There are 2 protein chains.
Amino acid sequence: MSTDFSRSEVPEVVVSRLPQYLRILNRLMEDGITVVSSQQLGEKLQVTPAQIRKDLSYFGRFGKQGRGYSVHDLLDRLRQILGVNAFWNVAVVGVGRLGRAIVNYPGFTPDGFHLVAAFDVNKDVIGSDVGGLMVHSLENLRSVVDERKISIAIVAVPVSDTQEVVDQLVACGIRAILNYAPIIPHVREGVRIRNIDPVLSLQSMTYYINTSNDD
Amino acid sequence: MSTDFSRSEVPEVVVSRLPQYLRILNRLMEDGITVVSSQQLGEKLQVTPAQIRKDLSYFGRFGKQGRGYSVHDLLDRLRQILGVNAFWNVAVVGVGRLGRAIVNYPGFTPDGFHLVAAFDVNKDVIGSDVGGLMVHSLENLRSVVDERKISIAIVAVPVSDTQEVVDQLVACGIRAILNYAPIIPHVREGVRIRNIDPVLSLQSMTYYINTSNDD
């Protein structure tokens, strides 16, 4: 795919908002809306219209002053930039209670993320079927990753095993990891990791609930 | 609780890191480590040591130049600031597949978040038991929230119902909401909302995987 901007120059916080733009634009498209203003996008994303204009300016010129953005053009560009026209094969490592919930989560497939393999170290579950996926031994990680062309892994193993599992995934060529364990694993440069941790989200809100008593 | 800083002056991005500090310091404490440097904290959080010093400077003076931070003092202060010495009663709204996984998630209780009530609109599940919680009709939201002193809600309902459920929660006095539906609901000022959306996290990584071919 050829692009006319340097990805490395785009701040990570802008990148993290792009999927939200995509989601909002998809909904506008479904509703038959063809033009959207930075004001409207800002309201939906809860950032300022100026921030919207700055975010999108990294990727080209999509709108005319005072006339708003073309939903179709912007959507097309963001899909290309984010690689969401592609399909991604995803492995889930760890099929305990959390891993099983992840395997059964209905939201991945419609957005092109196909869960194609599950792994565990527990001999009792290896070889069994979890939500339609065969559970492999972690010892077979490399061969399954190669064979199924897996580029993304979701990790749902106990905290004590997480760093080691992440290291194994990286060694097998995985470059994008979604981690559900409540730690922040280390990865080498060039590998991306995102951490899903509902407790951290809750704690960042109790900070504000606590506030009301003292200022 | 009395504090000697103005919470409103602390940037939201700093607040969002505080629970991560807490988690790391708890682990250091368990490992018997009493002093930690901004360098070490920076490595664990994957931000610069200068950023660590700036973050913590909002909340007082915890370290001496060149001698590191007292793990005990810092932990104590962060616990107080984040209100994590307290217990919080939490309601789960929506007990479909995702809601059930949330109710069964073992990570909330150890950190003081007690799931005390579940709600749904589906007559088939109202009155039944999900993971030890009685499922109430959403019509009884206000009385149950008052009675059980619920201050936080977790929302796991379909996209089409999410904004309405969030509005009902806010109307009942809930000021912190963790939303699992793939939209960003609107809330009035003074109410906090966090969105958990694994697909957005995955898409923010495919951006970078896509990168490798073109710069």
# chains A, B, ... in the order shown; residues from 1 in each chain; ligands from 1
$ interface_residues --of "chain A" --to "chain B" --cutoff "6 Å" --atoms "only C-alpha atoms" --output "list in words"
Ser16, Pro19, Leu82, Ala101, Leu200, Ser204 and Tyr207 of chain A
$ write_last_selection --atoms "N, CA and C atoms" --output "PDB file, in the first residue's frame"
ATOM      1  N   SER A  16      -4.416   6.389  18.127  1.00  0.00           N
ATOM      2  CA  SER A  16      -5.376   5.689  18.984  1.00  0.00           C
ATOM      3  C   SER A  16      -6.798   6.208  18.774  1.00  0.00           C
ATOM      4  N   PRO A  19      -9.324   4.619  15.039  1.00  0.00           N
ATOM      5  CA  PRO A  19     -10.396   3.623  14.993  1.00  0.00           C
ATOM      6  C   PRO A  19     -11.745   4.192  15.458  1.00  0.00           C
ATOM      7  N   LEU A  82      -5.626   2.343   8.241  1.00  0.00           N
ATOM      8  CA  LEU A  82      -5.668   1.419   9.379  1.00  0.00           C
ATOM      9  C   LEU A  82      -5.582  -0.046   8.951  1.00  0.00           C
ATOM     10  N   ALA A 101     -14.232 -16.297  27.490  1.00  0.00           N
ATOM     11  CA  ALA A 101     -15.096 -15.138  27.225  1.00  0.00           C
ATOM     12  C   ALA A 101     -14.612 -14.407  25.976  1.00  0.00           C
ATOM     13  N   LEU A 200      -7.964  -0.863  36.048  1.00  0.00           N
ATOM     14  CA  LEU A 200      -7.270   0.427  35.881  1.00  0.00           C
ATOM     15  C   LEU A 200      -8.256   1.514  35.457  1.00  0.00           C
ATOM     16  N   SER A 204      -9.179   4.857  37.649  1.00  0.00           N
ATOM     17  CA  SER A 204      -8.968   6.222  37.148  1.00  0.00           C
ATOM     18  C   SER A 204     -10.240   7.051  37.286  1.00  0.00           C
ATOM     19  N   TYR A 207     -10.722   8.163  41.326  1.00  0.00           N
ATOM     20  CA  TYR A 207      -9.976   9.406  41.560  1.00  0.00           C
ATOM     21  C   TYR A 207     -10.921  10.603  41.539  1.00  0.00           C
TER      22      TYR A 207
END
$ residues_around --residues "Ile126 of chain A" --least-positions-apart "6" --cutoff "10 Å" --atoms "only C-alpha atoms" --output "list of chain:residue names"
A:Val95, A:Ala118, A:Phe119, A:Asp120, A:Met134, A:Val135, A:His136, A:Ser137, A:Leu138
$ write_last_selection --atoms "N, CA and C atoms" --output "mmCIF file, in the first residue's frame"
data_model
loop_
_atom_site.group_PDB
_atom_site.id
_atom_site.type_symbol
_atom_site.label_atom_id
_atom_site.label_comp_id
_atom_site.auth_asym_id
_atom_site.auth_seq_id
_atom_site.Cartn_x
_atom_site.Cartn_y
_atom_site.Cartn_z
ATOM 1 N N VAL A 95 -6.946 -20.263 27.732
ATOM 2 C CA VAL A 95 -8.390 -20.460 27.584
ATOM 3 C C VAL A 95 -9.033 -20.797 28.923
ATOM 4 N N ALA A 118 -6.347 -21.356 19.321
ATOM 5 C CA ALA A 118 -6.239 -21.122 20.762
ATOM 6 C C ALA A 118 -5.087 -21.958 21.303
ATOM 7 N N PHE A 119 -4.448 -21.463 22.343
ATOM 8 C CA PHE A 119 -3.315 -22.160 22.955
ATOM 9 C C PHE A 119 -3.475 -22.181 24.468
ATOM 10 N N ASP A 120 -2.931 -23.234 25.077
ATOM 11 C CA ASP A 120 -2.895 -23.285 26.531
ATOM 12 C C ASP A 120 -1.758 -24.217 26.942
ATOM 13 N N MET A 134 -9.838 -25.299 18.131
ATOM 14 C CA MET A 134 -9.069 -26.384 18.733
ATOM 15 C C MET A 134 -7.984 -25.766 19.612
ATOM 16 N N VAL A 135 -7.844 -26.288 20.837
ATOM 17 C CA VAL A 135 -6.818 -25.755 21.738
ATOM 18 C C VAL A 135 -5.503 -26.506 21.514
ATOM 19 N N HIS A 136 -4.471 -25.745 21.104
ATOM 20 C CA HIS A 136 -3.148 -26.327 20.865
ATOM 21 C C HIS A 136 -2.276 -26.186 22.105
ATOM 22 N N SER A 137 -1.265 -27.047 22.167
ATOM 23 C CA SER A 137 -0.225 -26.869 23.176
ATOM 24 C C SER A 137 0.617 -25.660 22.783
ATOM 25 N N LEU A 138 1.056 -24.908 23.787
ATOM 26 C CA LEU A 138 1.896 -23.741 23.513
ATOM 27 C C LEU A 138 3.211 -24.161 22.846
#
$ closest_residue --among "B:Ala50, B:Glu30, B:Phe87, B:Glu164" --to "Leu75 of chain B" --atoms "only C-alpha atoms"
B:Glu30
$ atom_distance --atom1 "atom CA of Pro11 of chain A" --atom2 "atom CA of Gln51 of chain A"
12.5 Å
$ atom_distance --atom1 "atom CA of Lys149 of chain A" --atom2 "atom CA of Arg188 of chain A"
21.1 Å
$ select_by_dssp --residues "segment 6-209 of chain B" --states "strand (DSSP E or B)" --output "PyMOL selection string"
chain B and resi 35-36+63-64+68-70+88-93+113-120+129-130+133-137+150-155+176-179+192-195
$ residues_around --residues "Cys172 of chain B" --least-positions-apart "5" --cutoff "9 Å" --atoms "only C-alpha atoms" --output "list in words"
Leu141, Arg142, Ser143, Val145, Asp146 and Asp167 of chain B
$ write_last_selection --atoms "C-alpha atoms" --output "tab-separated table (two decimals), in the first residue's frame"
chain	number	residue	atom	x	y	z
B	141	LEU	CA	-32.63	0.69	38.98
B	142	ARG	CA	-33.17	3.71	41.21
B	143	SER	CA	-34.35	1.80	44.27
B	145	VAL	CA	-28.88	1.85	43.46
B	146	ASP	CA	-30.08	3.77	46.53
B	167	ASP	CA	-28.75	8.33	30.75
$ atom_distance --atom1 "atom CA of Val165 of chain B" --atom2 "atom CA of Thr34 of chain A"
28.8 Å
